[in-house]
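Content type compact mmCIF, C-alpha atoms, from the file coords31.txt:
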# COMPACT_ATOMS: atom_id res chain seq x y z
CA MET K 1 35.59 152.25 83.41
CA ASN K 2 36.79 149.59 85.84
CA MET K 3 36.47 145.81 85.86
CA GLN K 4 33.42 145.85 88.13
CA GLU K 5 31.54 148.19 85.78
CA LEU K 6 32.66 146.20 82.76
CA LYS K 7 31.32 142.93 84.21
CA LYS K 8 28.03 144.56 85.20
CA ASN K 9 27.53 145.83 81.64
CA ALA K 10 28.43 142.44 80.16
CA ARG K 11 26.04 140.63 82.50
CA GLU K 12 23.16 142.82 81.33
CA LYS K 13 23.96 142.42 77.64
CA MET K 14 24.53 138.65 77.82
CA LYS K 15 21.52 137.84 79.98
CA GLY K 16 20.45 134.25 79.39
CA TYR K 17 23.77 133.34 77.75
CA CYS K 18 26.43 134.15 80.34
CA ARG K 19 25.95 134.94 84.04
CA VAL K 20 29.40 136.54 84.24
CA CYS K 21 30.00 134.52 87.39
CA ARG K 22 32.36 135.72 90.09
CA VAL K 23 34.48 132.68 89.27
CA CYS K 24 34.31 131.66 85.61
CA ASP K 25 34.80 127.92 86.08
CA GLY K 26 32.18 126.27 83.87
CA VAL K 27 30.02 124.96 86.71
CA VAL K 28 26.81 126.95 86.19
CA CYS K 29 26.94 126.86 82.36
CA ALA K 30 27.86 123.16 82.03
CA GLY K 31 26.37 121.67 78.88
CA GLU K 32 25.36 125.02 77.37
CA VAL K 33 26.72 124.57 73.84
CA PRO K 34 25.70 126.60 71.85
CA GLY K 35 26.24 129.11 74.61
CA MET K 36 29.23 129.83 76.81
CA GLY K 37 29.58 126.53 78.61
CA GLY K 38 31.49 123.31 78.21
CA THR K 39 30.11 120.34 76.32
CA GLY K 40 28.27 117.54 78.08
CA THR K 41 28.92 117.60 81.80
CA GLY K 42 31.29 120.55 81.37
CA ALA K 43 34.11 118.43 82.78
CA SER K 44 36.70 119.61 80.23
CA PHE K 45 35.95 123.31 80.81
CA LYS K 46 36.11 122.77 84.56
CA ALA K 47 39.33 120.75 84.20
CA ASN K 48 41.09 123.68 82.52
CA VAL K 49 40.32 125.97 85.44
CA GLN K 50 41.02 123.37 88.13
CA ALA K 51 44.31 122.24 86.57
CA LEU K 52 45.57 125.82 86.70
CA ALA K 53 44.31 126.22 90.28
CA ASP K 54 46.26 123.11 91.27
CA VAL K 55 49.55 124.70 90.18
CA LYS K 56 51.15 126.36 93.22
CA LEU K 57 53.88 129.00 93.09
CA ASN K 58 57.07 129.61 95.03
CA LEU K 59 57.08 133.04 96.68
CA ARG K 60 60.51 134.70 96.39
CA THR K 61 61.41 138.27 97.36
CA PHE K 62 65.23 138.24 97.71
CA HIS K 63 66.14 139.37 94.19
CA ASP K 64 66.40 142.34 91.82
CA ALA K 65 63.27 141.70 89.74
CA LYS K 66 61.81 145.10 90.59
CA SER K 67 60.42 146.09 87.19
CA PRO K 68 59.78 143.00 85.04
CA ASP K 69 59.84 143.18 81.25
CA ILE K 70 56.88 141.24 79.81
CA SER K 71 57.39 142.17 76.16
CA CYS K 72 57.87 139.40 73.64
CA GLU K 73 58.18 138.73 69.93
CA ILE K 74 55.69 136.55 68.06
CA PHE K 75 56.21 135.87 64.35
CA GLY K 76 58.49 138.89 64.07
CA ARG K 77 56.08 141.27 65.79
CA LYS K 78 57.08 142.92 69.06
CA LEU K 79 54.21 142.64 71.54
CA SER K 80 53.74 144.34 74.89
CA MET K 81 52.78 141.08 76.59
CA PRO K 82 52.68 137.31 75.98
CA ILE K 83 48.87 137.42 76.08
CA LEU K 84 46.77 137.30 72.90
CA ALA K 85 43.02 137.21 72.28
CA ALA K 86 41.89 133.75 71.22
CA PRO K 87 39.81 133.20 68.06
CA ILE K 88 36.15 133.62 69.10
CA THR K 89 33.00 133.63 66.97
CA GLY K 90 29.26 133.19 67.35
CA SER K 91 28.15 136.43 68.97
CA GLU K 92 24.53 135.69 68.09
CA TYR K 93 24.10 132.04 69.09
CA ASN K 94 26.78 131.81 71.81
CA MET K 95 26.58 135.24 73.42
CA GLY K 96 23.05 136.50 72.81
CA GLY K 97 23.60 138.80 69.87
CA ALA K 98 23.50 142.14 71.73
CA VAL K 99 26.71 142.94 69.88
CA PRO K 100 26.66 142.02 66.14
CA GLU K 101 29.39 139.69 64.91
CA ALA K 102 31.28 142.28 62.84
CA GLU K 103 31.29 144.79 65.71
CA PHE K 104 32.34 142.14 68.20
CA ILE K 105 35.39 140.91 66.31
CA HIS K 106 36.48 144.47 65.50
CA MET K 107 36.37 145.22 69.23
CA VAL K 108 38.59 142.20 69.86
CA ILE K 109 41.16 142.96 67.15
CA SER K 110 41.20 146.71 67.83
CA GLY K 111 41.27 146.41 71.63
CA SER K 112 44.12 143.90 71.45
CA LYS K 113 46.16 146.22 69.25
CA GLN K 114 45.47 149.14 71.59
CA ALA K 115 46.89 147.04 74.43
CA GLY K 116 50.04 146.46 72.39
CA THR K 117 49.31 142.83 71.67
CA MET K 118 47.38 140.89 69.03
CA GLY K 119 43.99 139.28 68.53
CA MET K 120 42.83 136.34 66.47
CA CYS K 121 39.67 136.00 64.42
CA GLY K 122 37.84 132.73 63.93
CA ASP K 123 35.63 130.84 61.55
CA GLY K 124 32.18 129.30 61.82
CA GLY K 125 29.08 128.02 60.07
CA ASN K 126 28.11 131.47 58.84
CA PRO K 127 30.55 132.89 56.22
CA VAL K 128 30.06 136.32 57.84
CA PHE K 129 32.17 135.17 60.80
CA TYR K 130 35.40 134.73 58.87
CA SER K 131 34.77 137.66 56.53
CA SER K 132 34.11 139.96 59.50
CA GLY K 133 37.32 138.82 61.14
CA LEU K 134 39.39 139.47 58.03
CA SER K 135 37.78 142.89 57.66
CA ALA K 136 38.68 143.75 61.27
CA ILE K 137 42.28 142.64 60.75
CA GLU K 138 42.54 144.61 57.51
CA LYS K 139 41.24 147.75 59.25
CA GLU K 140 44.04 147.38 61.78
CA GLY K 141 46.70 147.18 59.08
CA GLY K 142 46.92 143.39 59.09
CA HIS K 143 47.63 143.27 62.84
CA GLY K 144 45.92 139.99 63.63
CA ILE K 145 45.82 136.25 63.04
CA ALA K 146 43.12 134.37 61.13
CA VAL K 147 42.11 130.89 62.31
CA ILE K 148 40.08 128.54 60.10
CA LYS K 149 37.98 125.47 60.92
CA PRO K 150 39.21 122.07 59.61
CA ARG K 151 37.15 122.18 56.43
CA GLU K 152 37.97 120.35 53.21
CA ASN K 153 41.50 121.19 52.08
CA HIS K 154 40.56 123.19 49.00
CA LYS K 155 38.30 125.41 51.10
CA VAL K 156 40.94 125.92 53.81
CA ILE K 157 43.55 126.84 51.18
CA GLU K 158 41.16 129.38 49.65
CA MET K 159 40.56 130.93 53.08
CA VAL K 160 44.27 130.97 53.87
CA LYS K 161 44.85 132.97 50.66
CA ARG K 162 42.24 135.50 51.72
CA ALA K 163 44.07 136.03 55.02
CA GLN K 164 47.36 136.37 53.20
CA ASP K 165 45.87 138.91 50.79
CA ILE K 166 44.78 141.28 53.58
CA GLY K 167 48.20 141.14 55.22
CA ALA K 168 47.46 139.04 58.31
CA VAL K 169 50.45 138.29 60.53
CA ALA K 170 49.76 134.55 60.53
CA VAL K 171 47.06 132.02 59.78
CA GLY K 172 46.02 128.80 61.44
CA MET K 173 43.49 126.04 61.83
CA ASP K 174 41.70 124.96 64.98
CA VAL K 175 41.86 121.24 64.31
CA ASP K 176 40.09 120.68 67.62
CA GLY K 177 36.95 122.01 65.90
CA ALA K 178 36.66 118.74 63.96
CA GLY K 179 33.55 117.68 65.82
CA LEU K 180 32.10 121.08 66.72
CA VAL K 181 28.35 120.85 67.27
CA THR K 182 27.61 124.36 66.03
CA MET K 183 29.31 123.66 62.68
CA ALA K 184 27.27 120.51 62.21
CA LEU K 185 24.07 122.37 63.03
CA MET K 186 24.84 124.91 60.30
CA GLY K 187 25.63 122.31 57.63
CA GLN K 188 29.36 122.98 57.40
CA PRO K 189 31.52 119.85 56.93
CA VAL K 190 34.57 119.71 59.18
CA GLY K 191 36.72 116.79 60.25
CA PRO K 192 40.13 115.54 61.37
CA LYS K 193 43.25 115.96 59.25
CA ASN K 194 46.15 113.62 58.57
CA VAL K 195 49.74 114.81 58.21
CA LYS K 196 49.64 114.68 54.41
CA GLU K 197 46.60 116.97 54.36
CA LEU K 198 48.25 119.37 56.83
CA LYS K 199 51.44 119.52 54.76
CA ASP K 200 49.37 120.30 51.68
CA ILE K 201 47.62 123.21 53.38
CA ILE K 202 50.79 124.62 54.95
CA SER K 203 52.66 124.41 51.63
CA HIS K 204 50.19 126.88 50.11
CA THR K 205 51.23 129.86 52.23
CA LYS K 206 54.35 131.70 53.31
CA LEU K 207 52.59 132.94 56.44
CA PRO K 208 53.41 131.28 59.77
CA PHE K 209 50.87 128.47 60.22
CA ILE K 210 49.37 127.59 63.60
CA LEU K 211 47.71 124.30 64.57
CA LYS K 212 45.29 124.84 67.45
CA GLY K 213 43.93 121.98 69.49
CA ILE K 214 47.00 119.91 70.41
CA MET K 215 46.57 117.90 73.61
CA THR K 216 49.07 115.04 73.24
CA VAL K 217 52.82 114.68 72.75
CA ASP K 218 52.41 112.56 69.62
CA GLU K 219 50.29 115.19 67.87
CA ALA K 220 52.69 117.95 68.92
CA LYS K 221 55.46 116.03 67.16
CA LEU K 222 53.24 115.55 64.10
CA ALA K 223 52.59 119.30 64.01
CA VAL K 224 56.36 119.87 63.83
CA GLU K 225 56.61 117.24 61.10
CA ALA K 226 53.82 118.91 59.12
CA GLY K 227 55.73 122.19 59.08
CA ALA K 228 53.60 124.28 61.45
CA ARG K 229 55.31 127.28 63.03
CA ALA K 230 53.21 127.11 66.18
CA ILE K 231 50.77 124.99 68.12
CA VAL K 232 48.08 125.91 70.60
CA VAL K 233 47.75 123.43 73.44
CA SER K 234 43.99 123.58 73.82
CA ASN K 235 40.84 121.50 74.26
CA HIS K 236 38.74 124.23 72.59
CA GLY K 237 37.70 125.68 75.92
CA GLY K 238 36.14 122.35 76.89
CA ARG K 239 33.52 122.81 74.18
CA ILE K 240 34.01 119.75 71.96
CA LEU K 241 34.92 116.62 73.97
CA ASP K 242 33.82 115.85 77.50
CA TYR K 243 36.31 114.51 80.07
CA THR K 244 39.60 115.70 78.60
CA PRO K 245 42.37 116.67 81.02
CA GLY K 246 43.04 120.33 81.67
CA VAL K 247 45.60 122.05 79.47
CA ALA K 248 47.94 122.63 82.42
CA GLU K 249 48.08 118.85 82.94
CA VAL K 250 49.32 118.04 79.42
CA LEU K 251 51.39 121.14 78.64
CA PRO K 252 54.64 120.18 80.45
CA ALA K 253 55.12 116.91 78.54
CA ILE K 254 54.37 118.62 75.24
CA ALA K 255 56.78 121.47 76.01
CA ASN K 256 59.49 119.03 77.08
CA THR K 257 59.22 117.39 73.65
CA VAL K 258 58.86 120.26 71.17
CA LYS K 259 60.00 123.43 73.00
CA GLY K 260 62.39 125.33 70.76
CA LYS K 261 61.22 123.50 67.64
CA ILE K 262 57.90 125.30 67.44
CA THR K 263 56.17 128.22 69.18
CA ILE K 264 53.85 126.99 71.94
CA PHE K 265 50.66 128.79 72.91
CA ALA K 266 48.47 127.60 75.78
CA ASP K 267 44.73 128.22 75.85
CA GLY K 268 42.12 127.36 78.42
CA GLY K 269 40.96 128.73 81.77
CA VAL K 270 43.15 131.85 81.83
CA ARG K 271 41.46 134.32 84.17
CA SER K 272 44.37 136.37 85.51
CA GLY K 273 47.99 137.33 85.03
CA VAL K 274 48.90 134.71 87.62
CA ASP K 275 47.37 132.07 85.31
CA VAL K 276 49.53 133.45 82.50
CA LEU K 277 52.63 133.07 84.68
CA LYS K 278 51.67 129.45 85.42
CA TYR K 279 51.30 128.53 81.75
CA LEU K 280 54.62 130.17 80.90
CA ALA K 281 56.31 128.30 83.75
CA LEU K 282 54.81 125.05 82.46
CA GLY K 283 56.40 125.61 79.04
CA ALA K 284 54.23 127.94 76.95
CA ASP K 285 55.77 130.82 75.00
CA ALA K 286 52.53 132.83 75.19
CA VAL K 287 48.88 132.32 76.11
CA LEU K 288 45.49 132.88 74.52
CA VAL K 289 42.53 134.32 76.41
CA GLY K 290 38.94 133.63 75.41
CA ARG K 291 35.99 134.12 77.74
CA PRO K 292 37.42 137.16 79.59
CA ILE K 293 37.88 138.86 76.20
CA ILE K 294 34.19 138.26 75.44
CA ILE K 295 33.27 139.89 78.76
CA GLY K 296 35.54 142.80 77.90
CA ALA K 297 33.98 143.33 74.47
CA PHE K 298 30.37 143.06 75.64
CA GLY K 299 31.03 145.12 78.73
CA GLY K 300 33.10 147.90 77.23
CA GLY K 301 33.83 147.46 73.53
CA SER K 302 37.41 147.88 72.34
CA GLU K 303 38.21 149.78 75.53
CA GLY K 304 36.88 146.85 77.56
CA VAL K 305 39.07 144.38 75.68
CA ARG K 306 42.07 146.62 76.29
CA LEU K 307 41.17 146.89 79.99
CA VAL K 308 41.02 143.08 80.36
CA LEU K 309 44.40 142.65 78.68
CA ASP K 310 46.06 145.54 80.53
CA THR K 311 44.73 144.18 83.83
CA MET K 312 46.20 140.74 83.13
CA ALA K 313 49.50 142.34 82.11
CA GLY K 314 49.66 144.20 85.42
CA GLU K 315 48.86 141.02 87.33
CA LEU K 316 51.57 139.16 85.41
CA LYS K 317 54.18 141.79 86.31
CA GLN K 318 53.16 141.64 89.98
CA ALA K 319 53.36 137.85 89.98
CA MET K 320 56.82 138.03 88.38
CA ILE K 321 58.02 140.41 91.09
CA LEU K 322 56.81 137.98 93.74
CA THR K 323 58.43 134.95 92.08
CA GLY K 324 61.73 136.61 91.18
CA CYS K 325 61.45 136.89 87.41
CA SER K 326 62.89 139.94 85.61
CA ASN K 327 61.75 138.85 82.16
CA LEU K 328 59.83 136.08 80.43
CA GLU K 329 62.94 133.94 79.92
CA GLU K 330 63.31 133.69 83.70
CA ILE K 331 59.83 132.21 84.10
CA THR K 332 60.71 128.53 84.31
CA ASP K 333 59.50 125.60 86.38
CA ARG K 334 61.59 126.97 89.27
CA VAL K 335 58.62 129.18 90.12
CA ILE K 336 56.36 126.15 90.55
CA TYR K 337 56.08 124.55 93.97
CA ARG K 338 56.68 120.79 93.98
CA ASN K 339 55.87 118.55 96.95

Final structure tokens representation of the file:
Amino acid sequence: MNMQELKKNAREKMKGYCRVCRVCDGVVCAGEVPGMGGTGTGASFKANVQALADVKLNLRTFHDAKSPDISCEIFGRKLSMPILAAPITGSEYNMGGAVPEAEFIHMVISGSKQAGTMGMCGDGGNPVFYSSGLSAIEKEGGHGIAVIKPRENHKVIEMVKRAQDIGAVAVGMDVDGAGLVTMALMGQPVGPKNVKELKDIISHTKLPFILKGIMTVDEAKLAVEAGARAIVVSNHGGRILDYTPGVAEVLPAIANTVKGKITIFADGGVRSGVDVLKYLALGADAVLVGRPIIIGAFGGGSEGVRLVLDTMAGELKQAMILTGCSNLEEITDRVIYRN
């Protein structure tokens, strides 16, 4: 199987839900939520892709970075690459249902592990979503991360315990899901959290806790204050609030403030290993990939997910060779071209 075959298969299975466009930039699917698009005009989805495209790189070839090392350690686990599968749910109402939810998330978690990295499972209006994710992680020996919607605290704490009981590597909450349309449609109460509520949740587990959906410096600092081990700089793939900036626009200021105090993931618009390099150079410790993972799963199952991740890893290594980086620590803002 190659990427062309994988995309062809995915296009057929997701007909009417995702066109598997040559450039996945949110233009054609704008407003398709539920679906694969960005909310409203799709401006936030498009901003993620455009903000990354606007980052230019310095080409350097006088160096000894001939065989870059892209391995990293996340929460004590050695990974083959700084690229993880983002938490994704809603196979039926977002992706057409050709692949059942339980099969889909197992493909994501299993394919990620096969690639030497890690996948995340998500939460949604149907309890099957979270349960299927935990089951997939348990089948892979706990090699995965469970992410929960910002439900009422007692419910979140209960779900955190379930993740802990099956041996998940970490647990988190996508606080940017506070106004998610699909949750409202399915009668599931979600909402914003204050620091006291976050501290309460985090105090109930020994697992590393991730807060996903940070887009401002002030909230990054509050995440540190609340005791989170990691944040995900993310606007939820442009699916919750129209007209936010792209992640690449806000990441540098956030990294300048909390880098070293907390692990920083970046999520949004990653389509290649070059995009991964850009996010790392802007201050991320690792990145999350969403829509390409969906294409991989629908187009080729676990093998397709692995192919997507392995392809990005190869592209990252090539980009590091051409920017003079022997390892991830050498990917700094020196690789970014400034006028």

K:Lys206 environment, 10 Å, only C-alpha atoms, sequence neighbours closer than 5 positions dropped, as a JSON list (two decimals) with C-alpha atoms, keeping the file's coordinate frame:
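Here's the written file out.json:
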[["chain", "number", "residue", "atom", "x", "y", "z"],
["K", 161, "LYS", "CA", 44.85, 132.97, 50.66],
["K", 164, "GLN", "CA", 47.36, 136.37, 53.20],
["K", 170, "ALA", "CA", 49.76, 134.55, 60.53],
["K", 171, "VAL", "CA", 47.06, 132.02, 59.78]]

K:Ile145: which residues within 7 Å, counting only C-alpha atoms, same-chain residues fewer than 5 positions away excluded, as an MDAnalysis selection string? chainID K and resid 119:121 168:171

Mind writing the picked residues with C-alpha atoms as a PDB file, in the coordinates of the input?
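Written file, out-v9.pdb:
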ATOM      1  CA  GLY K 119      43.990 139.280  68.530  1.00  0.00           C
ATOM      2  CA  MET K 120      42.830 136.340  66.470  1.00  0.00           C
ATOM      3  CA  CYS K 121      39.670 136.000  64.420  1.00  0.00           C
ATOM      4  CA  ALA K 168      47.460 139.040  58.310  1.00  0.00           C
ATOM      5  CA  VAL K 169      50.450 138.290  60.530  1.00  0.00           C
ATOM      6  CA  ALA K 170      49.760 134.550  60.530  1.00  0.00           C
ATOM      7  CA  VAL K 171      47.060 132.020  59.780  1.00  0.00           C
TER       8      VAL K 171
END

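With atom CA of K:Lys199 on one side and atom CA of K:Ala136 on the other, the separation reads 28.1 Å.
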
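When all atoms listed in the file are used to compute distances to K:Arg22, the closest of the residues K:Met107, K:Val217, K:Met3, K:Leu79 turns out to be K:Met3.
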
Enumerate, in order of chain and increasing residue number, the residues of stretch 132-238 of chain K with an atom no farther than 9 Å from stretch 99-104 of chain K, each with its shortest atom pair and distance in Å to one decimal, counting all atoms listed in the file, as a tab-separated table.
residue	atom	partner	partner_atom	distance
K:Ser132	CA	K:Ala102	CA	5.0
K:Gly133	CA	K:Ala102	CA	7.2
K:Ser135	CA	K:Ala102	CA	8.3
K:Ala136	CA	K:Ala102	CA	7.7

Which residues of stretch 188-220 of chain K sit at most 12 Å from stretch 124-127 of chain K, using all atoms listed in the file? Give each one's shortest atom pair and distance in Å (one decimal place), in chain and ascending residue order, as a tab-separated table.
residue	atom	partner	partner_atom	distance
K:Gln188	CA	K:Gly125	CA	5.7
K:Pro189	CA	K:Gly125	CA	9.1
K:Val190	CA	K:Gly125	CA	10.0

4 Å per side around stretch 203-216 of chain K: axis-aligned box centre and edge lengths, as AutoDock Vina command-line options:
--center_x 49.1 --center_y 124.0 --center_z 61.9 --size_x 18.4 --size_y 25.9 --size_z 31.5

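Picture a line from atom CA of K:Met186 to atom CA of K:Tyr243; it runs 25.1 Å.
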
Please return as an MDAnalysis selection string every residue within 6 Å of (47.4, 134.1, 83.7), taking into account only C-alpha atoms and the file's own coordinates. chainID K and resid 270:277

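For the atom pair formed by atom CA of K:Val247 and atom CA of K:Ile83, the distance is 16.1 Å, given to one decimal.
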
Using only C-alpha atoms, list the residues that have an atom at most 9 Å from (55.4, 122.8, 78.6), coordinates as in the file, as a PyMOL selection string. chain K and resi 248+250-259+264+266+279-285

Within 7 Å of stretch 300-312 of chain K, which residues of stretch 92-123 of chain K come that close, and what is the closest atom pair and distance in Å for each? Count only C-alpha atoms and give it as JSON lines.
{"residue": "K:Met107", "atom": "CA", "partner": "K:Ser302", "partner_atom": "CA", "distance": 4.2}
{"residue": "K:Val108", "atom": "CA", "partner": "K:Val305", "partner_atom": "CA", "distance": 6.2}
{"residue": "K:Ser110", "atom": "CA", "partner": "K:Ser302", "partner_atom": "CA", "distance": 6.0}
{"residue": "K:Gly111", "atom": "CA", "partner": "K:Ser302", "partner_atom": "CA", "distance": 4.2}
{"residue": "K:Ser112", "atom": "CA", "partner": "K:Arg306", "partner_atom": "CA", "distance": 5.9}
{"residue": "K:Gln114", "atom": "CA", "partner": "K:Arg306", "partner_atom": "CA", "distance": 6.3}
{"residue": "K:Ala115", "atom": "CA", "partner": "K:Arg306", "partner_atom": "CA", "distance": 5.2}

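Proximity of K:Cys21, K:Leu59, K:Ala223, K:Ile293 to K:Ile88, computed with all atoms listed in the file, is greatest for K:Ile293.
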
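Distance check against K:Phe62 using only C-alpha atoms: of K:Ala86, K:Leu328, K:Leu322, K:Ile202, the minimum falls on K:Leu322.
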
Pick out the closest residue to K:Ala220 from this set: K:Leu84, K:Leu316, K:Val195, K:Cys24. Count only C-alpha atoms. K:Val195

Name the residues in contact with K:Tyr337 at a cut-off of 8 Å, using only C-alpha atoms, excluding same-chain residues fewer than 3 positions from it; report them as an mmCIF file with C-alpha atoms, keeping the file's coordinate frame.
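File produced: part16.cif:
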data_model
loop_
_atom_site.group_PDB
_atom_site.id
_atom_site.type_symbol
_atom_site.label_atom_id
_atom_site.label_comp_id
_atom_site.auth_asym_id
_atom_site.auth_seq_id
_atom_site.Cartn_x
_atom_site.Cartn_y
_atom_site.Cartn_z
ATOM 1 C CA VAL K 55 49.550 124.700 90.180
ATOM 2 C CA LYS K 56 51.150 126.360 93.220
ATOM 3 C CA LEU K 57 53.880 129.000 93.090
ATOM 4 C CA ASN K 58 57.070 129.610 95.030
ATOM 5 C CA ARG K 334 61.590 126.970 89.270
#

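Considering the residues K:Met1, K:Ala146, K:Ala228, K:Ile331 and counting all atoms listed in the file, K:Lys278 has its shortest atom-to-atom contact with K:Ile331.
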
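Here the question is which of K:Val33, K:Lys7, K:Glu197, K:Asp25 gets nearest to K:Asn48 using all atoms listed in the file, and that residue is K:Asp25.
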
Shell around K:Ile70 at 10 Å using only C-alpha atoms, local window under 3 positions removed, as a list of chain:residue names: K:Ser67, K:Leu79, K:Ser80, K:Met81, K:Pro82, K:Ile83, K:Ala313, K:Gly314, K:Leu316, K:Lys317, K:Met320, K:Cys325, K:Ser326, K:Asn327, K:Leu328, K:Glu329

Need a file for stretch 273-286 of chain K from that block: N, CA, C and O atoms, written as a CSV table (one decimal), in the first residue's frame.
chain,number,residue,atom,x,y,z
K,273,GLY,N,5.9,16.0,7.5
K,273,GLY,CA,7.0,16.1,8.4
K,273,GLY,C,7.6,17.5,8.5
K,273,GLY,O,8.1,17.9,9.5
K,274,VAL,N,7.4,18.2,7.4
K,274,VAL,CA,7.9,19.6,7.4
K,274,VAL,C,7.1,20.5,8.3
K,274,VAL,O,7.6,21.3,9.1
K,275,ASP,N,5.8,20.2,8.4
K,275,ASP,CA,4.9,20.9,9.3
K,275,ASP,C,5.3,20.6,10.8
K,275,ASP,O,5.3,21.4,11.7
K,276,VAL,N,5.7,19.3,11.0
K,276,VAL,CA,6.2,18.9,12.3
K,276,VAL,C,7.4,19.7,12.7
K,276,VAL,O,7.5,20.3,13.8
K,277,LEU,N,8.4,19.8,11.8
K,277,LEU,CA,9.6,20.6,12.0
K,277,LEU,C,9.3,22.0,12.4
K,277,LEU,O,9.8,22.6,13.3
K,278,LYS,N,8.3,22.6,11.7
K,278,LYS,CA,8.0,24.0,12.0
K,278,LYS,C,7.4,24.2,13.4
K,278,LYS,O,7.8,25.1,14.1
K,279,TYR,N,6.5,23.3,13.8
K,279,TYR,CA,5.9,23.4,15.1
K,279,TYR,C,7.0,23.2,16.2
K,279,TYR,O,7.0,23.9,17.2
K,280,LEU,N,7.9,22.3,16.0
K,280,LEU,CA,9.0,22.1,16.9
K,280,LEU,C,9.9,23.3,17.0
K,280,LEU,O,10.3,23.7,18.1
K,281,ALA,N,10.2,23.9,15.9
K,281,ALA,CA,11.0,25.1,15.8
K,281,ALA,C,10.3,26.3,16.5
K,281,ALA,O,11.0,27.2,17.0
K,282,LEU,N,9.0,26.3,16.5
K,282,LEU,CA,8.2,27.4,17.1
K,282,LEU,C,8.1,27.2,18.6
K,282,LEU,O,7.5,28.0,19.3
K,283,GLY,N,8.5,26.0,19.1
K,283,GLY,CA,8.5,25.8,20.6
K,283,GLY,C,7.8,24.6,21.1
K,283,GLY,O,7.8,24.3,22.3
K,284,ALA,N,7.2,23.8,20.2
K,284,ALA,CA,6.5,22.6,20.7
K,284,ALA,C,7.5,21.5,21.0
K,284,ALA,O,8.6,21.4,20.4
K,285,ASP,N,7.2,20.6,22.0
K,285,ASP,CA,8.0,19.4,22.3
K,285,ASP,C,7.6,18.2,21.4
K,285,ASP,O,8.4,17.4,21.1
K,286,ALA,N,6.3,18.2,20.9
K,286,ALA,CA,5.8,17.2,20.1
K,286,ALA,C,4.5,17.7,19.4
K,286,ALA,O,4.0,18.8,19.8
